file data.cif (mmCIF, C-alpha atoms and all ligand atoms)
data_data
#
loop_
_atom_site.label_atom_id
_atom_site.label_comp_id
_atom_site.auth_asym_id
_atom_site.auth_seq_id
_atom_site.Cartn_x
_atom_site.Cartn_y
_atom_site.Cartn_z
CA MET A 225 0.00 0.00 0.00
CA SER A 226 1.33 3.46 -0.83
CA GLU A 227 2.44 5.74 2.01
CA VAL A 228 -0.15 8.16 3.43
CA ASN A 229 0.54 11.70 2.25
CA GLU A 230 0.02 15.19 3.68
CA LYS A 231 -2.69 15.99 1.20
CA GLN A 232 -4.84 13.10 2.43
CA VAL A 233 -4.37 14.11 6.06
CA LEU A 234 -5.25 17.76 5.39
CA ALA A 235 -8.26 16.75 3.31
CA ALA A 236 -9.55 14.65 6.22
CA LEU A 237 -8.95 17.46 8.70
CA SER A 238 -10.59 20.09 6.53
CA SER A 239 -13.98 18.62 7.32
CA ILE A 240 -13.59 19.81 10.93
CA GLN A 241 -15.06 23.23 11.64
CA ASP A 242 -14.18 25.68 14.38
CA PRO A 243 -17.63 26.45 15.84
CA ASP A 244 -16.76 30.04 16.75
CA LEU A 245 -14.85 31.08 13.66
CA HIS A 246 -17.14 29.14 11.29
CA LYS A 247 -14.29 27.91 9.15
CA ASP A 248 -12.43 24.65 8.84
CA ILE A 249 -9.32 24.12 10.95
CA VAL A 250 -7.04 23.67 7.93
CA SER A 251 -7.93 26.99 6.26
CA LEU A 252 -7.64 28.67 9.65
CA GLY A 253 -4.01 27.55 9.77
CA PHE A 254 -4.46 25.54 12.97
CA ILE A 255 -2.53 22.48 11.71
CA LYS A 256 1.15 22.80 12.48
CA ASP A 257 4.20 20.58 12.35
CA LEU A 258 2.58 17.76 10.34
CA LYS A 259 4.81 14.69 10.08
CA ILE A 260 4.21 11.31 8.51
CA GLU A 261 6.55 8.39 9.10
CA ASN A 262 5.76 4.82 8.16
CA GLY A 263 2.05 5.37 8.53
CA HIS A 264 2.40 7.25 11.83
CA VAL A 265 0.90 10.72 11.60
CA SER A 266 1.68 13.46 14.11
CA PHE A 267 0.73 17.14 14.18
CA GLN A 268 -0.26 20.06 16.37
CA ILE A 269 -3.65 21.75 16.43
CA GLU A 270 -2.91 25.31 17.46
CA LEU A 271 -6.10 26.91 18.79
CA THR A 272 -6.71 30.60 19.36
CA THR A 273 -7.19 30.07 23.11
CA PRO A 274 -6.15 27.38 25.60
CA ALA A 275 -9.63 27.84 27.13
CA CYS A 276 -11.36 26.53 23.99
CA PRO A 277 -14.64 24.88 25.05
CA VAL A 278 -14.46 22.25 22.29
CA LYS A 279 -10.77 21.36 22.65
CA ASP A 280 -11.29 17.70 23.61
CA LYS A 281 -14.03 17.18 21.05
CA MET A 282 -11.89 18.62 18.28
CA LYS A 283 -8.98 16.38 19.25
CA SER A 284 -11.02 13.19 19.19
CA GLU A 285 -12.71 14.20 15.93
CA ALA A 286 -9.31 14.78 14.31
CA GLU A 287 -7.99 11.47 15.66
CA GLU A 288 -10.98 9.63 14.28
CA LYS A 289 -10.84 11.25 10.82
CA VAL A 290 -7.12 10.74 10.35
CA SER A 291 -7.06 7.16 11.61
CA LYS A 292 -9.69 6.24 9.01
CA ILE A 293 -7.32 7.08 6.12
CA PRO A 294 -6.11 3.81 4.61
CA GLY A 295 -2.54 3.05 5.62
CA VAL A 296 -2.57 5.11 8.86
CA LYS A 297 -1.13 3.07 11.73
CA GLY A 298 -1.10 5.69 14.47
CA VAL A 299 -2.10 9.31 15.16
CA GLU A 300 -0.51 11.66 17.67
CA ILE A 301 -2.06 15.09 18.18
CA ARG A 302 -0.79 17.87 20.45
CA MET A 303 -3.33 20.54 21.34
CA THR A 304 -1.62 23.94 21.71
CA ALA A 305 -2.81 27.55 21.66
CA SER A 306 -1.61 30.92 20.58
CA VAL A 307 -3.95 33.68 21.75
CA ARG A 308 -4.45 36.41 19.17
CA GLY A 309 -4.75 39.93 20.39
CA ASN A 310 -7.32 42.55 19.69
CA ALA A 311 -6.35 45.18 22.21
CA PRO A 312 -5.06 48.05 20.09
CA THR A 313 -1.73 47.97 21.89
CA GLY A 314 -0.56 51.49 22.20
CA PRO A 315 1.86 52.95 24.71
CA LEU A 316 -0.73 52.48 27.47
CA ILE A 317 -0.67 48.70 27.87
CA PRO A 318 1.92 47.07 25.65
CA ASN A 319 2.24 43.27 25.70
CA VAL A 320 -1.38 42.73 26.74
CA LYS A 321 -3.24 40.90 24.01
CA ASN A 322 -6.82 41.16 25.21
CA ILE A 323 -8.49 43.32 27.83
CA ILE A 324 -11.82 42.15 29.23
CA ALA A 325 -13.80 44.63 31.32
CA VAL A 326 -16.24 43.29 33.90
CA ALA A 327 -19.08 45.76 34.44
CA SER A 328 -22.36 45.87 36.33
CA GLY A 329 -25.34 48.19 36.49
CA LYS A 330 -24.92 48.54 40.26
CA GLY A 331 -22.75 47.42 43.18
CA GLY A 332 -23.21 44.22 45.13
CA VAL A 333 -24.07 41.89 42.24
CA GLY A 334 -20.77 40.01 42.58
CA LYS A 335 -18.75 41.79 39.90
CA SER A 336 -15.47 41.54 41.85
CA THR A 337 -16.13 37.94 42.90
CA VAL A 338 -16.80 37.00 39.28
CA SER A 339 -13.68 38.89 38.10
CA CYS A 340 -11.40 36.97 40.52
CA ASN A 341 -12.84 33.55 39.75
CA LEU A 342 -12.84 34.12 35.99
CA ALA A 343 -9.24 35.29 36.04
CA ILE A 344 -8.24 32.13 37.94
CA ALA A 345 -10.33 29.92 35.63
CA LEU A 346 -8.61 31.41 32.56
CA ALA A 347 -5.17 31.03 34.14
CA ASP A 348 -5.96 27.39 34.97
CA THR A 349 -6.25 26.63 31.26
CA GLY A 350 -2.64 27.71 30.78
CA ALA A 351 -3.33 31.26 29.59
CA ARG A 352 -1.26 34.17 30.93
CA VAL A 353 -3.69 36.28 32.91
CA GLY A 354 -3.72 39.59 34.78
CA LEU A 355 -6.40 41.07 37.04
CA LEU A 356 -6.79 44.81 37.49
CA ASP A 357 -8.99 46.22 40.20
CA SER A 358 -10.10 49.62 38.97
CA ASP A 359 -13.10 49.77 41.30
CA ILE A 360 -11.63 52.70 43.09
CA TYR A 361 -14.59 53.28 45.43
CA GLY A 362 -14.50 49.76 46.85
CA PRO A 363 -11.30 47.99 45.88
CA SER A 364 -12.03 44.50 47.21
CA ILE A 365 -9.89 42.37 44.89
CA PRO A 366 -6.72 42.27 47.06
CA MET A 367 -8.79 40.96 49.99
CA MET A 368 -10.64 38.44 47.83
CA MET A 369 -7.38 37.21 46.30
CA GLY A 370 -5.72 37.03 49.73
CA VAL A 371 -3.06 39.58 48.81
CA ASN A 372 -1.66 41.41 51.81
CA GLU A 373 1.55 42.72 50.35
CA GLU A 374 1.86 45.80 48.17
CA PRO A 375 3.46 45.71 44.74
CA TYR A 376 7.09 46.76 44.56
CA MET A 377 9.07 48.83 42.09
CA MET A 378 11.86 47.51 39.91
CA ASP A 379 13.64 49.50 37.19
CA ASN A 380 11.01 52.24 37.58
CA LYS A 381 8.21 49.77 36.90
CA ILE A 382 5.50 48.52 39.26
CA ILE A 383 5.62 44.73 39.56
CA PRO A 384 2.15 43.19 39.93
CA VAL A 385 1.57 40.79 42.81
CA GLU A 386 1.20 37.21 41.62
CA LYS A 387 -1.41 34.98 43.27
CA TYR A 388 -3.12 31.76 42.13
CA GLY A 389 -1.38 32.07 38.77
CA VAL A 390 -2.78 35.58 38.16
CA LYS A 391 -0.88 38.90 38.08
CA MET A 392 -2.88 41.25 40.25
CA MET A 393 -2.91 45.02 40.57
CA SER A 394 -5.33 47.26 42.45
CA MET A 395 -5.92 50.99 42.27
CA GLY A 396 -6.62 50.62 45.98
CA PHE A 397 -2.84 50.36 46.48
CA PHE A 398 -2.47 53.92 45.27
CA ILE A 399 -5.63 55.77 46.20
CA ASP A 400 -7.36 55.93 49.56
CA PRO A 401 -10.99 54.83 48.86
CA ASP A 402 -12.25 57.38 51.41
CA LYS A 403 -10.71 60.18 49.38
CA ALA A 404 -11.60 58.58 46.05
CA VAL A 405 -15.28 59.30 46.58
CA LEU A 406 -14.44 62.95 45.99
CA TRP A 407 -12.73 62.20 42.68
CA ARG A 408 -14.49 62.65 39.40
CA GLY A 409 -14.30 59.95 36.73
CA PRO A 410 -11.89 61.73 34.38
CA MET A 411 -9.47 62.30 37.28
CA ILE A 412 -9.54 58.62 38.19
CA ALA A 413 -9.11 57.66 34.56
CA LYS A 414 -6.09 59.90 34.21
CA TYR A 415 -4.52 58.49 37.32
CA LEU A 416 -5.21 54.94 36.20
CA GLN A 417 -3.63 55.74 32.86
CA GLN A 418 -0.48 56.82 34.63
CA VAL A 419 -0.43 53.73 36.88
CA LEU A 420 -1.13 51.39 33.97
CA ALA A 421 1.70 52.78 31.94
CA ASP A 422 4.01 52.08 34.87
CA VAL A 423 2.99 48.45 35.51
CA ALA A 424 5.17 45.66 34.12
CA TRP A 425 2.46 43.19 33.09
CA ASP A 426 4.85 41.32 30.81
CA ASP A 427 3.13 39.24 28.18
CA LEU A 428 -0.51 38.63 29.00
CA ASP A 429 -3.12 36.79 26.96
CA TYR A 430 -5.99 38.25 28.98
CA LEU A 431 -6.22 41.16 31.40
CA VAL A 432 -9.47 41.10 33.38
CA VAL A 433 -10.48 44.60 34.56
CA ASP A 434 -12.96 44.98 37.40
CA LEU A 435 -14.66 48.29 36.55
CA PRO A 436 -16.35 50.54 39.11
CA PRO A 437 -20.08 49.68 39.27
CA GLY A 438 -22.88 51.59 37.61
CA THR A 439 -23.12 53.96 34.72
CA GLY A 440 -21.47 57.00 36.30
CA ASP A 441 -18.55 58.87 34.83
CA ALA A 442 -15.95 56.63 36.56
CA PRO A 443 -16.71 53.41 34.67
CA MET A 444 -17.36 55.41 31.53
CA SER A 445 -14.07 57.30 31.60
CA LEU A 446 -12.17 54.08 32.35
CA ALA A 447 -13.82 52.19 29.54
CA GLN A 448 -13.01 55.02 27.16
CA LEU A 449 -9.42 55.15 28.24
CA ILE A 450 -8.52 51.46 28.41
CA PRO A 451 -8.26 49.81 25.00
CA LEU A 452 -10.86 47.12 25.66
CA THR A 453 -11.34 43.95 23.65
CA GLY A 454 -14.85 43.64 25.07
CA VAL A 455 -17.13 43.94 28.09
CA VAL A 456 -18.98 41.35 30.13
CA VAL A 457 -21.89 42.52 32.27
CA VAL A 458 -22.71 40.81 35.56
CA MET A 459 -26.27 40.91 36.83
CA THR A 460 -28.52 39.12 39.30
CA PRO A 461 -31.57 37.20 38.05
CA GLN A 462 -34.39 39.56 39.12
CA ASP A 463 -36.25 41.62 36.56
CA VAL A 464 -35.42 44.87 38.35
CA ALA A 465 -31.76 43.93 38.05
CA LYS A 466 -32.31 43.40 34.36
CA GLU A 467 -33.40 47.02 33.91
CA ILE A 468 -30.27 48.19 35.69
CA ALA A 469 -28.02 45.88 33.69
CA ASN A 470 -29.67 47.11 30.49
CA LYS A 471 -28.60 50.65 31.36
CA SER A 472 -24.98 49.60 31.63
CA ILE A 473 -25.14 47.69 28.34
CA ILE A 474 -26.74 50.64 26.61
CA MET A 475 -23.97 52.85 28.00
CA PHE A 476 -21.34 50.65 26.30
CA GLN A 477 -23.34 50.48 23.11
CA MET A 478 -23.55 54.27 23.06
CA MET A 479 -19.84 54.56 23.74
CA ARG A 480 -19.24 52.35 20.79
CA GLU A 481 -20.99 54.92 18.66
CA SER A 482 -19.34 57.96 20.22
CA THR A 483 -15.76 56.63 20.20
CA GLU A 484 -13.97 55.39 17.13
CA ARG A 485 -13.25 52.15 18.92
CA ASP A 486 -15.44 49.10 18.76
CA ILE A 487 -16.25 47.83 22.26
CA PRO A 488 -18.07 44.54 21.75
CA ILE A 489 -20.36 43.35 24.51
CA LEU A 490 -19.07 39.81 25.01
CA GLY A 491 -22.19 38.82 26.94
CA ILE A 492 -24.15 38.69 30.18
CA ILE A 493 -23.32 36.62 33.26
CA GLU A 494 -26.08 35.90 35.73
CA ASN A 495 -24.70 35.70 39.26
CA MET A 496 -26.51 34.58 42.42
CA SER A 497 -28.73 32.39 40.32
CA GLY A 498 -30.51 29.53 42.18
CA PHE A 499 -29.25 28.34 45.56
CA VAL A 500 -27.77 24.86 45.48
CA CYS A 501 -28.39 23.10 48.81
CA PRO A 502 -25.01 21.84 50.04
CA HIS A 503 -26.73 18.83 51.68
CA CYS A 504 -29.11 17.51 49.05
CA GLY A 505 -28.18 19.40 45.89
CA THR A 506 -31.72 20.76 45.36
CA VAL A 507 -31.80 24.10 43.55
CA THR A 508 -33.98 26.80 45.12
CA HIS A 509 -34.56 30.01 43.20
CA LEU A 510 -34.46 32.69 45.88
CA PHE A 511 -35.09 35.41 43.32
CA SER A 512 -37.14 35.23 40.18
CA GLN A 513 -35.59 33.07 37.52
CA GLY A 514 -33.85 33.67 34.21
CA GLY A 515 -33.46 37.50 34.18
CA GLY A 516 -29.99 37.19 32.64
CA LYS A 517 -31.19 35.03 29.79
CA ARG A 518 -34.15 37.32 29.14
CA ALA A 519 -31.95 40.42 29.14
CA ALA A 520 -29.51 38.75 26.74
CA LYS A 521 -32.33 37.81 24.41
CA GLU A 522 -33.93 41.27 24.47
CA LEU A 523 -30.66 43.03 23.84
CA GLU A 524 -29.48 40.43 21.34
CA ILE A 525 -26.23 39.69 23.09
CA PRO A 526 -24.88 36.30 24.16
CA PHE A 527 -25.76 34.77 27.52
CA LEU A 528 -22.49 33.46 28.93
CA GLY A 529 -23.85 31.41 31.83
CA ALA A 530 -25.14 31.49 35.39
CA VAL A 531 -23.31 31.15 38.72
CA PRO A 532 -25.39 29.79 41.62
CA ILE A 533 -25.58 31.39 45.06
CA ASP A 534 -23.07 29.36 46.97
CA PRO A 535 -21.86 29.91 50.53
CA LEU A 536 -18.45 28.65 49.37
CA VAL A 537 -18.20 31.56 46.94
CA CYS A 538 -18.89 34.06 49.70
CA GLN A 539 -16.54 32.36 52.19
CA GLY A 540 -13.88 32.10 49.50
CA GLY A 541 -14.02 35.85 48.99
CA ASP A 542 -13.88 36.57 52.70
CA ASN A 543 -10.94 34.20 53.27
CA GLY A 544 -8.87 35.37 50.35
CA LYS A 545 -9.23 32.00 48.62
CA PRO A 546 -11.77 32.28 45.79
CA ALA A 547 -14.05 29.28 45.18
CA MET A 548 -11.97 28.35 42.10
CA VAL A 549 -9.09 27.68 44.52
CA SER A 550 -10.87 26.59 47.73
CA ALA A 551 -13.62 24.50 46.09
CA PRO A 552 -12.60 23.73 42.49
CA ALA A 553 -15.09 20.86 42.17
CA SER A 554 -18.13 22.88 43.35
CA GLU A 555 -21.05 23.75 41.06
CA SER A 556 -20.04 27.40 41.20
CA SER A 557 -16.46 26.65 40.09
CA LYS A 558 -17.78 24.51 37.25
CA ALA A 559 -19.90 27.49 36.23
CA PHE A 560 -16.91 29.86 36.37
CA ARG A 561 -14.85 27.49 34.21
CA ALA A 562 -17.63 27.16 31.62
CA ILE A 563 -18.15 30.94 31.51
CA ALA A 564 -14.39 31.55 31.14
CA GLN A 565 -14.41 29.21 28.13
CA GLN A 566 -17.37 31.04 26.62
CA ILE A 567 -15.61 34.39 27.06
CA ALA A 568 -12.39 33.05 25.50
CA ALA A 569 -14.38 31.68 22.57
CA ARG A 570 -16.16 35.01 22.08
CA ILE A 571 -12.84 36.84 22.17
CA SER A 572 -11.43 34.46 19.56
CA SER A 573 -14.34 35.22 17.29
CA VAL A 574 -14.38 39.02 17.75
CA THR A 575 -10.61 39.07 17.22
CA TRP A 576 -10.98 36.98 14.10
CA GLU A 577 -13.79 39.19 12.75
CA ALA A 578 -11.72 42.32 13.46
CA SER A 579 -8.69 40.87 11.65
CA GLN A 580 -10.89 39.92 8.67
CA ARG A 581 -12.27 43.48 8.57
CA ARG A 582 -8.75 44.92 8.70
CA GLU A 583 -7.78 42.72 5.76
CA GLY A 584 -10.89 43.92 3.93
CA LYS A 585 -12.49 40.46 3.76
P1 LIG B 1 -19.62 43.81 43.55
O1 LIG B 1 -18.20 43.75 43.09
O2 LIG B 1 -20.60 43.71 42.44
O3 LIG B 1 -19.91 44.96 44.45
P2 LIG B 1 -18.92 41.57 45.25
O4 LIG B 1 -18.15 40.70 44.34
O5 LIG B 1 -18.15 42.39 46.23
O6 LIG B 1 -19.91 42.50 44.43
O7 LIG B 1 -19.97 40.63 45.98
C1 LIG B 1 -20.86 41.11 46.98
C2 LIG B 1 -21.04 40.04 48.06
O8 LIG B 1 -21.75 38.93 47.51
C3 LIG B 1 -19.72 39.49 48.57
O9 LIG B 1 -19.86 39.25 49.94
C4 LIG B 1 -19.56 38.17 47.84
O10 LIG B 1 -18.81 37.23 48.55
C5 LIG B 1 -20.99 37.72 47.68
N1 LIG B 1 -21.21 36.89 46.47
C6 LIG B 1 -20.93 37.21 45.19
N2 LIG B 1 -21.28 36.22 44.35
C7 LIG B 1 -21.79 35.22 45.12
C8 LIG B 1 -22.33 33.91 44.86
N3 LIG B 1 -22.42 33.44 43.63
N4 LIG B 1 -22.73 33.16 45.92
C9 LIG B 1 -22.66 33.64 47.20
N5 LIG B 1 -22.17 34.86 47.51
C10 LIG B 1 -21.75 35.65 46.49
#

call {"tool": "encode", "arguments": {"input": "data.cif", "output": "structure tokens", "more": "lines below"}}
Ligand code: ADP
result
Amino acid sequence: MSEVNEKQVLAALSSIQDPDLHKDIVSLGFIKDLKIENGHVSFQIELTTPACPVKDKMKSEAEEKVSKIPGVKGVEIRMTASVRGNAPTGPLIPNVKNIIAVASGKGGVGKSTVSCNLAIALADTGARVGLLDSDIYGPSIPMMMGVNEEPYMMDNKIIPVEKYGVKMMSMGFFIDPDKAVLWRGPMIAKYLQQVLADVAWDDLDYLVVDLPPGTGDAPMSLAQLIPLTGVVVVMTPQDVAKEIANKSIIMFQMMRESTERDIPILGIIENMSGFVCPHCGTVTHLFSQGGGKRAAKELEIPFLGAVPIDPLVCQGGDNGKPAMVSAPASESSKAFRAIAQQIAARISSVTWEASQRREGK
């Protein structure tokens, strides 16, 4: 029998589609380092994010397709990732590929909790992740991440504190929250700009930014100043919360029109969804159900997932050990992991669409 050739392997692989980019994995250039020796085929599938939700499925599909080619005796596939950037890297934040802002219509919906757990979930997949607390009025991220030390300076740069695989920085290190209440948004934004320019993030795939809550001039100025890849909005399931979340989404949509930059809304996260009983696992909906999904549908933006009310999430925040670290097998951590994958997939597709637009396709 004649030896298997590259053309046959690529033809078999070209029937596999990337569900987010809507193209086959061969035309997308995902197949790297293809080698064939005595019927043994090996190659890499290089994805656009290590947090790809269909990574395992894609691997087994590729294995199956290639092993069916006559003459193939073995298949070895390595799944790798190279995150593509969309953050228009200017002098403000060089070396940061994608910046994800976490916003909310009001305080207390779990925006900071979600930011910490998502950052850890993304880092767990092997991505290089940073977390920036820009919620100047209530900087809670250092406490939630169990960071007691302050960042230090080296070669005139601020070195972020590393915890649970995430590089963390908080505006609370630099501004006294009691005094910050007197600051107007543009002042905070200017100060943040200065601090950001001085932080040595090194190479990051994703920087998660916890924005101040609401639709005031602080979150607005920050979102205008930071070159965002996209925004996720956290809300609670009640209908009243939906109205408030809508306001924040509309604010970003309006900013998209008023600034030259495109700020895609990556989607809605519903937090404090049903309560999962730690004893019997029954789900009780303390608030009305499904507000996040309804809001997403009305506003025609993706619903990224729901995180249950979980005492472990609250304790994790209080103890400086987020649920993703203290209870990685809990329902809430599973939800955070699934949402992180959805966000990474959305970023891959908005980045891809933006690159296609730039190339005039
Ligand atoms: P925000 O940043 O929106 O003001 P926080 O993240 O500070 O909100 O959360 C407010 C409170 O709610 C905190 O005590 C936090 O631990 C708790 N919390 C957030 N999400 C959950 C959840 N899914 N289950 C239980 N408690 C939660």

call {"tool": "closest_residue", "arguments": {"input": "data.cif", "among": "A:Glu524, A:Asp348, A:Asp244, A:Asp359", "to": "ligand LIG 1 (chain B)", "atoms": "only C-alpha atoms and all ligand atoms"}}
result
A:Asp359

call {"tool": "residues_near_ligand", "arguments": {"input": "data.cif", "ligand": "ligand LIG 1 (chain B)", "cutoff": "7 Å", "atoms": "all atoms listed in the file", "output": "PDB file with C-alpha atoms, in the coordinates of the input"}}
result
ATOM      1  CA  SER A 328     -22.360  45.870  36.330  1.00  0.00           C
ATOM      2  CA  LYS A 330     -24.920  48.540  40.260  1.00  0.00           C
ATOM      3  CA  GLY A 331     -22.750  47.420  43.180  1.00  0.00           C
ATOM      4  CA  GLY A 332     -23.210  44.220  45.130  1.00  0.00           C
ATOM      5  CA  VAL A 333     -24.070  41.890  42.240  1.00  0.00           C
ATOM      6  CA  GLY A 334     -20.770  40.010  42.580  1.00  0.00           C
ATOM      7  CA  LYS A 335     -18.750  41.790  39.900  1.00  0.00           C
ATOM      8  CA  SER A 336     -15.470  41.540  41.850  1.00  0.00           C
ATOM      9  CA  THR A 337     -16.130  37.940  42.900  1.00  0.00           C
ATOM     10  CA  VAL A 338     -16.800  37.000  39.280  1.00  0.00           C
ATOM     11  CA  SER A 364     -12.030  44.500  47.210  1.00  0.00           C
ATOM     12  CA  PRO A 437     -20.080  49.680  39.270  1.00  0.00           C
ATOM     13  CA  ASN A 495     -24.700  35.700  39.260  1.00  0.00           C
ATOM     14  CA  MET A 496     -26.510  34.580  42.420  1.00  0.00           C
ATOM     15  CA  VAL A 531     -23.310  31.150  38.720  1.00  0.00           C
ATOM     16  CA  PRO A 532     -25.390  29.790  41.620  1.00  0.00           C
ATOM     17  CA  ILE A 533     -25.580  31.390  45.060  1.00  0.00           C
ATOM     18  CA  ASP A 534     -23.070  29.360  46.970  1.00  0.00           C
ATOM     19  CA  PRO A 535     -21.860  29.910  50.530  1.00  0.00           C
ATOM     20  CA  LEU A 536     -18.450  28.650  49.370  1.00  0.00           C
ATOM     21  CA  VAL A 537     -18.200  31.560  46.940  1.00  0.00           C
ATOM     22  CA  CYS A 538     -18.890  34.060  49.700  1.00  0.00           C
ATOM     23  CA  GLN A 539     -16.540  32.360  52.190  1.00  0.00           C
ATOM     24  CA  GLY A 541     -14.020  35.850  48.990  1.00  0.00           C
ATOM     25  CA  ASP A 542     -13.880  36.570  52.700  1.00  0.00           C
ATOM     26  CA  SER A 556     -20.040  27.400  41.200  1.00  0.00           C
TER      27      SER A 556
END

call {"tool": "closest_residue", "arguments": {"input": "data.cif", "among": "A:Leu356, A:Ile324, A:Ala547, A:Ala347", "to": "A:Leu452", "atoms": "only C-alpha atoms"}}
result
A:Ile324

call {"tool": "residues_near_point", "arguments": {"input": "data.cif", "point": "(-12.4, 61.7, 30.5)", "cutoff": "10 Å", "atoms": "only C-alpha atoms", "output": "MDAnalysis selection string"}}
result
chainID A and resid 408:414 441:442 444:449

call {"tool": "atom_distance", "arguments": {"input": "data.cif", "atom1": "atom CA of A:Asp402", "atom2": "atom CA of A:Tyr361"}}
result
7.6 Å

call {"tool": "closest_residue", "arguments": {"input": "data.cif", "among": "A:Gly389, A:Ile365, A:Asn310, A:Lys403", "to": "A:Arg582", "atoms": "only C-alpha atoms"}}
result
A:Asn310

call {"tool": "atom_distance", "arguments": {"input": "data.cif", "atom1": "atom CA of A:Leu528", "atom2": "atom CA of A:Gly329"}}
result
16.8 Å

call {"tool": "residues_around", "arguments": {"input": "data.cif", "residues": "stretch 394-396 of chain A", "least_positions_apart": "2", "cutoff": "10 Å", "atoms": "only C-alpha atoms", "output": "list in words"}}
result
Leu355, Leu356, Asp357, Ser358, Asp359, Ile360, Tyr361, Gly362, Pro363, Ser364, Ile365, Pro366, Glu374, Pro375, Pro384, Val385, Met392, Phe398, Ile399, Asp400, Pro401, Ala404, Ile412, Tyr415, Leu416, Val419, Leu420, Val433 and Asp434 of chain A

call {"tool": "atom_distance", "arguments": {"input": "data.cif", "atom1": "atom CA of A:Ala421", "atom2": "atom CA of A:Leu435"}}
result
17.6 Å
